[in-house]
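Undergrad: Coordinates in target.pdb, PDB, C-alpha atoms and all ligand atoms, are listed below.
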```pdb
ATOM      1  CA  GLU A  12       5.914  23.292  17.288
ATOM      2  CA  GLY A  13       7.890  23.773  14.095
ATOM      3  CA  ALA A  14       8.532  27.518  14.198
ATOM      4  CA  GLY A  15      11.856  29.152  13.422
ATOM      5  CA  TRP A  16      13.153  26.754  10.787
ATOM      6  CA  LYS A  17      14.525  27.512   7.346
ATOM      7  CA  TYR A  18      16.163  26.023   4.283
ATOM      8  CA  GLY A  19      19.878  26.168   3.466
ATOM      9  CA  THR A  20      23.043  25.181   5.281
ATOM     10  CA  THR A  21      23.237  27.810   8.035
ATOM     11  CA  GLY A  22      21.400  28.014  11.426
ATOM     12  CA  TYR A  23      18.205  25.921  11.692
ATOM     13  CA  GLY A  24      18.495  24.547   8.168
ATOM     14  CA  PRO A  25      17.517  20.915   7.469
ATOM     15  CA  ASP A  26      20.442  19.493   9.497
ATOM     16  CA  ASP A  27      18.980  21.149  12.586
ATOM     17  CA  TRP A  28      15.312  20.398  11.942
ATOM     18  CA  GLY A  29      15.478  17.594  14.522
ATOM     19  CA  LYS A  30      16.030  20.312  17.154
ATOM     20  CA  VAL A  31      12.991  22.228  15.871
ATOM     21  CA  SER A  32      10.745  19.137  15.909
ATOM     22  CA  ALA A  33      11.850  15.661  17.049
ATOM     23  CA  HIS A  34       9.662  14.136  14.314
ATOM     24  CA  CYS A  35      12.192  15.361  11.738
ATOM     25  CA  SER A  36      14.614  12.723  13.077
ATOM     26  CA  GLU A  37      12.154   9.835  12.644
ATOM     27  CA  SER A  38      12.649   7.171  10.011
ATOM     28  CA  ALA A  39       9.933   7.590   7.368
ATOM     29  CA  GLN A  40      10.719  11.124   6.273
ATOM     30  CA  SER A  41       9.852  12.739   2.952
ATOM     31  CA  PRO A  42      10.904  13.556   0.319
ATOM     32  CA  ILE A  43      12.660  10.522  -1.152
ATOM     33  CA  ASN A  44      14.443   9.600  -4.331
ATOM     34  CA  ILE A  45      12.159   7.317  -6.341
ATOM     35  CA  GLU A  46      14.323   4.505  -7.688
ATOM     36  CA  THR A  47      12.078   3.188 -10.440
ATOM     37  CA  SER A  48      13.804  -0.224 -10.513
ATOM     38  CA  THR A  49      12.824  -0.889  -6.875
ATOM     39  CA  VAL A  50       9.199   0.178  -7.197
ATOM     40  CA  LYS A  51       6.639  -2.606  -6.703
ATOM     41  CA  LYS A  52       3.620  -2.860  -8.966
ATOM     42  CA  ASN A  53       0.545  -2.936  -6.794
ATOM     43  CA  SER A  54      -2.983  -3.407  -8.065
ATOM     44  CA  ASN A  55      -4.314  -2.131  -4.702
ATOM     45  CA  LEU A  56      -3.629   1.340  -6.051
ATOM     46  CA  LYS A  57      -6.427   0.977  -8.586
ATOM     47  CA  GLY A  58      -9.447   3.198  -8.346
ATOM     48  CA  LEU A  59      -7.933   6.393  -6.942
ATOM     49  CA  ARG A  60     -10.376   9.223  -7.703
ATOM     50  CA  PHE A  61     -10.070  13.003  -7.537
ATOM     51  CA  THR A  62     -13.453  14.705  -7.784
ATOM     52  CA  CYS A  63     -13.898  18.437  -7.924
ATOM     53  CA  ASP A  64     -17.034  20.108  -6.567
ATOM     54  CA  ASN A  65     -17.651  21.825  -9.899
ATOM     55  CA  LYS A  66     -17.141  21.095 -13.563
ATOM     56  CA  TYR A  67     -13.731  22.580 -14.320
ATOM     57  CA  GLY A  68     -12.353  22.171 -10.833
ATOM     58  CA  LYS A  69     -12.639  25.879 -10.230
ATOM     59  CA  VAL A  70     -11.234  26.917  -6.856
ATOM     60  CA  SER A  71     -10.620  30.258  -5.225
ATOM     61  CA  GLY A  72      -8.871  31.401  -2.105
ATOM     62  CA  LYS A  73      -5.983  33.395  -0.754
ATOM     63  CA  MET A  74      -2.490  33.018  -2.174
ATOM     64  CA  VAL A  75      -0.071  33.704   0.664
ATOM     65  CA  ASN A  76       3.682  34.103   0.930
ATOM     66  CA  ASN A  77       4.400  32.385   4.263
ATOM     67  CA  GLY A  78       8.151  32.757   3.814
ATOM     68  CA  HIS A  79       8.736  29.208   2.574
ATOM     69  CA  ALA A  80       6.268  28.471  -0.239
ATOM     70  CA  PRO A  81       3.624  30.337  -2.247
ATOM     71  CA  THR A  82       0.460  28.697  -0.908
ATOM     72  CA  LEU A  83      -3.123  28.877  -2.174
ATOM     73  CA  VAL A  84      -5.384  28.267   0.817
ATOM     74  CA  ILE A  85      -8.634  27.025  -0.702
ATOM     75  CA  ASN A  86     -11.862  28.763   0.258
ATOM     76  CA  LYS A  87     -13.722  25.457   0.580
ATOM     77  CA  VAL A  88     -17.151  27.127   0.685
ATOM     78  CA  GLU A  89     -16.685  28.144  -2.960
ATOM     79  CA  GLY A  90     -15.683  24.649  -4.052
ATOM     80  CA  THR A  91     -12.869  22.229  -3.385
ATOM     81  CA  ALA A  92     -12.070  18.617  -4.291
ATOM     82  CA  LYS A  93     -12.171  15.133  -2.787
ATOM     83  CA  LEU A  94      -9.610  12.355  -3.068
ATOM     84  CA  THR A  95     -10.566   8.745  -2.306
ATOM     85  CA  GLY A  96     -10.028   5.102  -3.293
ATOM     86  CA  GLY A  97      -6.842   3.319  -4.287
ATOM     87  CA  PRO A  98      -4.247   3.429  -1.488
ATOM     88  CA  LEU A  99      -6.638   5.578   0.570
ATOM     89  CA  GLY A 100      -9.376   2.927   0.659
ATOM     90  CA  ASP A 101     -12.740   4.237   1.818
ATOM     91  CA  ASN A 102     -11.244   7.308   3.483
ATOM     92  CA  VAL A 103     -12.277  10.579   1.869
ATOM     93  CA  TYR A 104      -9.698  13.370   1.804
ATOM     94  CA  ARG A 105     -10.528  17.022   1.119
ATOM     95  CA  LEU A 106      -8.293  19.589  -0.580
ATOM     96  CA  GLN A 107      -7.058  22.197   1.913
ATOM     97  CA  GLN A 108      -4.278  24.056   0.095
ATOM     98  CA  LEU A 109      -1.794  23.811  -2.730
ATOM     99  CA  HIS A 110       1.749  25.178  -2.845
ATOM    100  CA  PHE A 111       4.928  25.085  -4.881
ATOM    101  CA  HIS A 112       8.560  24.103  -4.357
ATOM    102  CA  PHE A 113      11.069  25.310  -6.955
ATOM    103  CA  GLY A 114      14.759  25.865  -7.628
ATOM    104  CA  CYS A 115      16.893  28.871  -8.455
ATOM    105  CA  ASP A 116      17.900  27.039 -11.643
ATOM    106  CA  ASP A 117      15.920  24.737 -13.909
ATOM    107  CA  ASP A 118      17.943  21.640 -12.975
ATOM    108  CA  LYS A 119      16.720  21.507  -9.378
ATOM    109  CA  GLY A 120      13.693  22.477  -7.338
ATOM    110  CA  SER A 121      11.521  19.385  -6.987
ATOM    111  CA  GLU A 122      11.486  17.686  -3.591
ATOM    112  CA  HIS A 123      11.104  14.134  -4.835
ATOM    113  CA  THR A 124      13.593  12.963  -7.431
ATOM    114  CA  VAL A 125      13.324  10.101  -9.916
ATOM    115  CA  ASN A 126      16.435   7.940 -10.302
ATOM    116  CA  GLY A 127      18.427  10.791  -8.791
ATOM    117  CA  GLU A 128      17.088  13.413 -11.227
ATOM    118  CA  ALA A 129      15.285  16.521  -9.987
ATOM    119  CA  TYR A 130      12.674  18.503 -11.902
ATOM    120  CA  SER A 131      12.459  22.331 -11.899
ATOM    121  CA  GLY A 132       9.690  22.334  -9.336
ATOM    122  CA  GLU A 133       6.954  20.382  -7.577
ATOM    123  CA  LEU A 134       3.323  21.255  -6.914
ATOM    124  CA  HIS A 135       1.762  19.839  -3.745
ATOM    125  CA  LEU A 136      -2.015  19.402  -3.450
ATOM    126  CA  VAL A 137      -2.544  18.919   0.276
ATOM    127  CA  THR A 138      -5.670  16.999   1.374
ATOM    128  CA  TYR A 139      -6.862  15.894   4.825
ATOM    129  CA  ASN A 140      -8.911  12.922   5.964
ATOM    130  CA  THR A 141     -12.535  13.996   6.524
ATOM    131  CA  LYS A 142     -12.850  11.545   9.422
ATOM    132  CA  TYR A 143     -11.204  14.425  11.321
ATOM    133  CA  PRO A 144     -13.098  17.700  11.806
ATOM    134  CA  ASP A 145     -10.456  19.906  10.175
ATOM    135  CA  PHE A 146      -6.945  20.067   8.726
ATOM    136  CA  ALA A 147      -5.338  21.096  12.026
ATOM    137  CA  THR A 148      -6.696  17.969  13.749
ATOM    138  CA  ALA A 149      -5.665  15.677  10.893
ATOM    139  CA  VAL A 150      -2.138  17.033  10.341
ATOM    140  CA  ASP A 151      -0.366  14.799  12.884
ATOM    141  CA  LYS A 152      -2.485  11.630  12.548
ATOM    142  CA  PRO A 153      -0.966   8.585  10.796
ATOM    143  CA  ASP A 154      -3.832   8.546   8.272
ATOM    144  CA  GLY A 155      -4.394  12.288   8.464
ATOM    145  CA  LEU A 156      -3.093  13.634   5.150
ATOM    146  CA  SER A 157      -2.602  12.729   1.537
ATOM    147  CA  VAL A 158      -0.490  14.963  -0.695
ATOM    148  CA  ILE A 159      -0.491  14.706  -4.487
ATOM    149  CA  GLY A 160       2.938  15.701  -5.822
ATOM    150  CA  VAL A 161       3.172  16.910  -9.426
ATOM    151  CA  PHE A 162       6.549  17.660 -11.032
ATOM    152  CA  LEU A 163       7.082  20.922 -12.958
ATOM    153  CA  GLN A 164       9.171  20.618 -16.092
ATOM    154  CA  GLU A 165      10.633  23.663 -17.818
ATOM    155  CA  ASP A 166       9.031  24.116 -21.253
ATOM    156  CA  ASP A 167       7.872  26.798 -23.712
ATOM    157  CA  ASP A 168       5.695  29.697 -22.590
ATOM    158  CA  ASP A 169       2.604  28.484 -24.437
ATOM    159  CA  LYS A 170       2.804  25.020 -22.861
ATOM    160  CA  ALA A 171       2.237  26.309 -19.308
ATOM    161  CA  SER A 172      -1.459  26.097 -18.436
ATOM    162  CA  TYR A 173      -3.673  29.159 -18.052
ATOM    163  CA  SER A 174      -4.134  28.323 -14.369
ATOM    164  CA  LEU A 175      -0.407  27.990 -13.683
ATOM    165  CA  ARG A 176       0.197  31.353 -15.380
ATOM    166  CA  MET A 177      -2.600  32.956 -13.318
ATOM    167  CA  LEU A 178      -1.105  31.561 -10.109
ATOM    168  CA  SER A 179       2.338  32.857 -11.037
ATOM    169  CA  ASN A 180       0.822  36.284 -11.777
ATOM    170  CA  ALA A 181      -0.631  36.264  -8.254
ATOM    171  CA  MET A 182       2.847  35.447  -6.906
ATOM    172  CA  TRP A 183       4.106  38.647  -8.527
ATOM    173  CA  ARG A 184       1.928  40.532  -6.041
ATOM    174  CA  ILE A 185       3.077  38.730  -2.880
ATOM    175  CA  ARG A 186       6.825  39.157  -3.173
ATOM    176  CA  GLU A 187       7.241  40.008   0.511
ATOM    177  CA  PRO A 188       6.653  37.376   3.236
ATOM    178  CA  ASP A 189       3.411  37.570   5.227
ATOM    179  CA  THR A 190       1.488  39.083   2.336
ATOM    180  CA  GLY A 191      -1.435  37.584   0.444
ATOM    181  CA  VAL A 192      -3.786  38.199  -2.451
ATOM    182  CA  MET A 193      -7.174  36.783  -3.399
ATOM    183  CA  VAL A 194      -7.159  34.350  -6.333
ATOM    184  CA  ARG A 195     -10.462  33.673  -8.094
ATOM    185  CA  ARG A 196      -9.848  31.638 -11.219
ATOM    186  CA  THR A 197      -7.788  28.530 -10.761
ATOM    187  CA  PHE A 198      -9.063  25.475 -12.610
ATOM    188  CA  LEU A 199      -7.595  22.307 -11.153
ATOM    189  CA  TYR A 200      -8.328  20.151 -14.222
ATOM    190  CA  ASN A 201      -6.532  22.761 -16.345
ATOM    191  CA  LEU A 202      -3.615  23.019 -13.881
ATOM    192  CA  VAL A 203      -3.138  19.230 -13.682
ATOM    193  CA  PRO A 204      -5.003  17.452 -16.526
ATOM    194  CA  GLN A 205      -4.175  14.017 -15.059
ATOM    195  CA  LEU A 206      -6.520  14.758 -12.136
ATOM    196  CA  LYS A 207      -9.481  14.182 -14.468
ATOM    197  CA  ASP A 208      -8.760  10.471 -14.442
ATOM    198  CA  LEU A 209      -6.319   9.340 -11.774
ATOM    199  CA  SER A 210      -7.363   5.725 -12.344
ATOM    200  CA  ARG A 211      -5.572   5.910 -15.711
ATOM    201  CA  THR A 212      -2.607   7.928 -14.439
ATOM    202  CA  SER A 213       0.718   6.409 -13.440
ATOM    203  CA  PHE A 214       1.771   7.398  -9.956
ATOM    204  CA  TYR A 215       4.041   6.330  -7.120
ATOM    205  CA  SER A 216       2.678   5.917  -3.626
ATOM    206  CA  TYR A 217       4.305   5.532  -0.207
ATOM    207  CA  LYS A 218       3.765   6.532   3.412
ATOM    208  CA  GLY A 219       5.962   9.412   4.496
ATOM    209  CA  SER A 220       5.906  12.811   6.156
ATOM    210  CA  LEU A 221       5.498  16.542   5.840
ATOM    211  CA  THR A 222       8.653  17.681   4.039
ATOM    212  CA  THR A 223       9.112  20.574   6.479
ATOM    213  CA  PRO A 224       8.968  20.921  10.274
ATOM    214  CA  PRO A 225       7.049  19.671  12.202
ATOM    215  CA  CYS A 226       7.735  16.683   9.839
ATOM    216  CA  TYR A 227       4.723  14.640  11.054
ATOM    217  CA  GLN A 228       4.676  11.169   9.523
ATOM    218  CA  SER A 229       1.088  11.648   8.487
ATOM    219  CA  VAL A 230       1.233  11.741   4.693
ATOM    220  CA  ASN A 231       0.042   9.176   2.174
ATOM    221  CA  TRP A 232       2.118  10.393  -0.771
ATOM    222  CA  ILE A 233       0.793  10.184  -4.336
ATOM    223  CA  VAL A 234       3.538  11.325  -6.739
ATOM    224  CA  LEU A 235       2.425  11.554 -10.369
ATOM    225  CA  LYS A 236       4.856  10.118 -12.886
ATOM    226  CA  ARG A 237       4.178  12.647 -15.656
ATOM    227  CA  PRO A 238       5.199  16.277 -15.071
ATOM    228  CA  ILE A 239       3.228  19.372 -16.050
ATOM    229  CA  PRO A 240       4.915  22.026 -18.200
ATOM    230  CA  ALA A 241       6.105  25.254 -16.581
ATOM    231  CA  SER A 242       7.618  28.097 -18.590
ATOM    232  CA  GLU A 243      10.649  30.203 -17.791
ATOM    233  CA  SER A 244       8.363  33.201 -17.133
ATOM    234  CA  VAL A 245       6.348  31.186 -14.587
ATOM    235  CA  LEU A 246       9.515  29.954 -12.859
ATOM    236  CA  LYS A 247      10.960  33.493 -12.856
ATOM    237  CA  LYS A 248       7.905  34.816 -11.027
ATOM    238  CA  MET A 249       8.297  32.091  -8.393
ATOM    239  CA  ARG A 250      12.018  32.811  -7.933
ATOM    240  CA  ARG A 251      11.241  36.489  -7.329
ATOM    241  CA  LEU A 252       9.412  35.647  -4.078
ATOM    242  CA  ARG A 253      11.316  36.516  -0.928
ATOM    243  CA  ASP A 254      11.698  34.728   2.408
ATOM    244  CA  HIS A 255      11.939  36.191   5.917
ATOM    245  CA  GLU A 256      15.631  36.881   5.434
ATOM    246  CA  GLU A 257      14.948  38.940   2.312
ATOM    247  CA  HIS A 258      16.505  36.293   0.106
ATOM    248  CA  SER A 259      14.893  34.621  -2.879
ATOM    249  CA  MET A 260      12.653  31.762  -1.760
ATOM    250  CA  CYS A 261      14.091  29.496  -4.473
ATOM    251  CA  GLU A 262      15.458  26.130  -3.424
ATOM    252  CA  ASN A 263      12.622  25.769  -0.962
ATOM    253  CA  CYS A 264      13.000  22.037  -1.339
ATOM    254  CA  SER A 265      14.055  19.680   1.427
ATOM    255  CA  PRO A 266      17.157  17.524   1.116
ATOM    256  CA  LEU A 267      16.651  13.836   0.455
ATOM    257  CA  ASN A 268      18.860  12.288   3.097
ATOM    258  CA  ARG A 269      16.503  12.657   6.048
ATOM    259  CA  SER A 270      14.973   9.206   5.649
ATOM    260  CA  THR A 271      16.568   6.110   7.126
ATOM    261  CA  ALA A 272      13.842   3.531   6.524
ATOM    262  CA  ALA A 273      13.501   1.668   3.267
ATOM    263  CA  LEU A 274      10.210   3.222   2.299
ATOM    264  CA  CYS A 275       7.836   0.922   0.504
ATOM    265  CA  LEU A 276       7.136   2.399  -2.893
ATOM    266  CA  ASN A 277       4.296   1.247  -5.043
ATOM    267  CA  THR A 278       3.231   2.080  -8.539
ATOM    268  CA  LEU A 279       0.138   1.588 -10.608
ATOM    269  CA  ASP A 280       1.318   0.876 -14.114
TER     270      ASP A 280
HETATM  271  S1  LIG B   1       4.284  19.245   2.357
HETATM  272  O1  LIG B   1       3.259  19.093   1.370
HETATM  273  O2  LIG B   1       4.820  18.027   2.864
HETATM  274  N1  LIG B   1       5.477  20.081   1.736
HETATM  275  C1  LIG B   1       2.521  21.457   5.856
HETATM  276  C2  LIG B   1       1.697  20.976   4.849
HETATM  277  C3  LIG B   1       2.248  20.317   3.765
HETATM  278  C4  LIG B   1       3.616  20.124   3.681
HETATM  279  C5  LIG B   1       4.439  20.617   4.665
HETATM  280  C6  LIG B   1       3.890  21.286   5.770
HETATM  281  C7  LIG B   1       1.901  22.135   7.043
HETATM  282  O3  LIG B   1       0.708  22.232   7.128
HETATM  283  N2  LIG B   1       2.709  22.619   7.983
HETATM  284  C8  LIG B   1       2.237  23.239   9.192
HETATM  285  C9  LIG B   1       1.706  24.597   8.912
HETATM  286  N3  LIG B   1       2.735  25.643   8.825
HETATM  287  C10 LIG B   1       2.082  26.875   8.466
HETATM  288  C11 LIG B   1       1.980  27.060   7.012
HETATM  289  O4  LIG B   1       0.886  27.228   6.463
HETATM  290  O5  LIG B   1       3.016  27.056   6.266
HETATM  291  C12 LIG B   1       3.468  25.834  10.029
HETATM  292  C13 LIG B   1       4.954  26.067   9.812
HETATM  293  O6  LIG B   1       5.544  25.885   8.672
HETATM  294  O7  LIG B   1       5.685  26.407  10.738
HETATM  295 CU1  LIG B   1       4.727  26.565   7.039
HETATM  296 ZN    ZN B   2       5.221  20.819  -0.104
END
```
As a first step, turn the structure in this file into structure tokens.

TA:
Amino acid sequence: EGAGWKYGTTGYGPDDWGKVSAHCSESAQSPINIETSTVKKNSNLKGLRFTCDNKYGKVSGKMVNNGHAPTLVINKVEGTAKLTGGPLGDNVYRLQQLHFHFGCDDDKGSEHTVNGEAYSGELHLVTYNTKYPDFATAVDKPDGLSVIGVFLQEDDDDKASYSLRMLSNAMWRIREPDTGVMVRRTFLYNLVPQLKDLSRTSFYSYKGSLTTPPCYQSVNWIVLKRPIPASESVLKKMRRLRDHEEHSMCENCSPLNRSTAALCLNTLD
């Protein structure tokens, strides 16, 4: 399920995703525009914790170009991270992979928007509920996944973190789809400093879906309010990646109009 889809306005783009997977026509689809005036403050979101297996949140794994997003599949044996508490309650989620969405220009690229405004990109940290044996079992369950979304904001070269620059250097080596390269030194607390203390970080939370086919409505979304800085050279390396049609992968972000339900948005603030 979910093969043969793409972005853009021609053949099997987002308008046709319902034909690829019926879930894409359901009512709680992601991404969404976050209208900050309609967000409800909710103290139940208190106590969300992200804990890495080692001190600096060092992870390693294979960075792959799957044709739609540069994705770091975490080698969990060498260390990963857990996400629990807050909107997730006692469930413990484990980091499986992280990937990036980005635009061809700085003024678009994020999947979620805030008051109609897009950022230049969006990092997704994809975790699965450890009550299931593995990611593949969890992916279609209503409480199966939680994805932390972090906006990328264009900024000076020296503001981009070491880890983001290292990841973008790895992307340089996987320009063609279905290629991959080993990545050894990504430090999650360096990549996203807010992860060190999520209980003091402002975020939005709602129940939605995978933003791509098969569009399972299995995701507890945690979208951080504050962006991380990305430089033009980082964004350039992302935009150089190619999809299966030998086009730039940029604008690998889903349109916003796939959701028909009024999704319940919460914030801890
Ligand atoms: S997202 O975070 O909502 N953008 C998947 C995970 C997270 C998101 C979207 C999709 C996912 O696991 N999809 C199924 C797996 N894929 C294979 C893959 O690794 O990349 C199957 C596919 O699309 O046909 Cu892409
Ligand atoms: Zn994503």

Undergrad: May I ask for the distance between atom CA of A:His79 and atom CA of A:Arg251, given in Å to one decimal place?

TA: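 A separation of 12.5 Å between them.
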
Undergrad: Using all atoms listed in the file, which residues of the polymer chains come no farther than 7 Å from ligand LIG 1 (chain B)? I'd like the answer as an MDAnalysis selection string.

TA: chainID A and resid 13:14 77 79 135 137 150 158 220:225

Undergrad: Hey, which residues come within 10 Å of ligand ZN 2 (chain B) if we count all atoms listed in the file? Could you give them as number ranges by chain?

TA: A: 41-42, 79-82, 109-112, 121-122, 133-137, 158-160, 221-223, 263-265

Undergrad: Which residues come within 12 Å of A:Pro266, counting only C-alpha atoms, excluding same-chain residues fewer than 5 positions away, as a ChimeraX atom specification?

TA: /A:18-20,24-26,28,35,40-44,119-124,129,222-223

Undergrad: Of the candidates A:Ser172, A:Ser216, A:Ser131, A:Thr148, which one gets nearest to A:Lys247 if we count all atoms listed in the file?

TA: A:Ser131

Undergrad: Need to verify the contact set: stretch 175-184 of chain A, 6 Å, only C-alpha atoms, exclusion of same-chain residues closer than 4 positions in sequence. Can you return it as number ranges by chain?

TA: A: 202, 245, 248

Undergrad: Which polymer residues have any atom within 10 Å of an atom of A:Pro153, counting all atoms listed in the file, with same-chain residues fewer than 4 positions away left out, as a PDB file with C-alpha atoms, keeping the file's coordinate frame?

TA:
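To be explicit, this is the file written out as out.pdb:
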```pdb
ATOM      1  CA  ALA A 149      -5.665  15.677  10.893  1.00  0.00           C
ATOM      2  CA  LYS A 218       3.765   6.532   3.412  1.00  0.00           C
ATOM      3  CA  GLY A 219       5.962   9.412   4.496  1.00  0.00           C
ATOM      4  CA  SER A 220       5.906  12.811   6.156  1.00  0.00           C
ATOM      5  CA  TYR A 227       4.723  14.640  11.054  1.00  0.00           C
ATOM      6  CA  GLN A 228       4.676  11.169   9.523  1.00  0.00           C
ATOM      7  CA  SER A 229       1.088  11.648   8.487  1.00  0.00           C
ATOM      8  CA  VAL A 230       1.233  11.741   4.693  1.00  0.00           C
ATOM      9  CA  ASN A 231       0.042   9.176   2.174  1.00  0.00           C
TER      10      ASN A 231
END
```

Undergrad: Going by the chain IDs and residue numbers used in this file, which residues fall under the PyMOL selection byres (((chain A and resi 166-170) around 8) and not hetatm)? Write them as an MDAnalysis selection string.

TA: chainID A and resid 164:165 171:172 240:244

Undergrad: Tell me, in Å to one decimal, how far atom CA of A:Leu94 is from atom CA of A:Thr62.

TA: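 The value is 6.5 Å.
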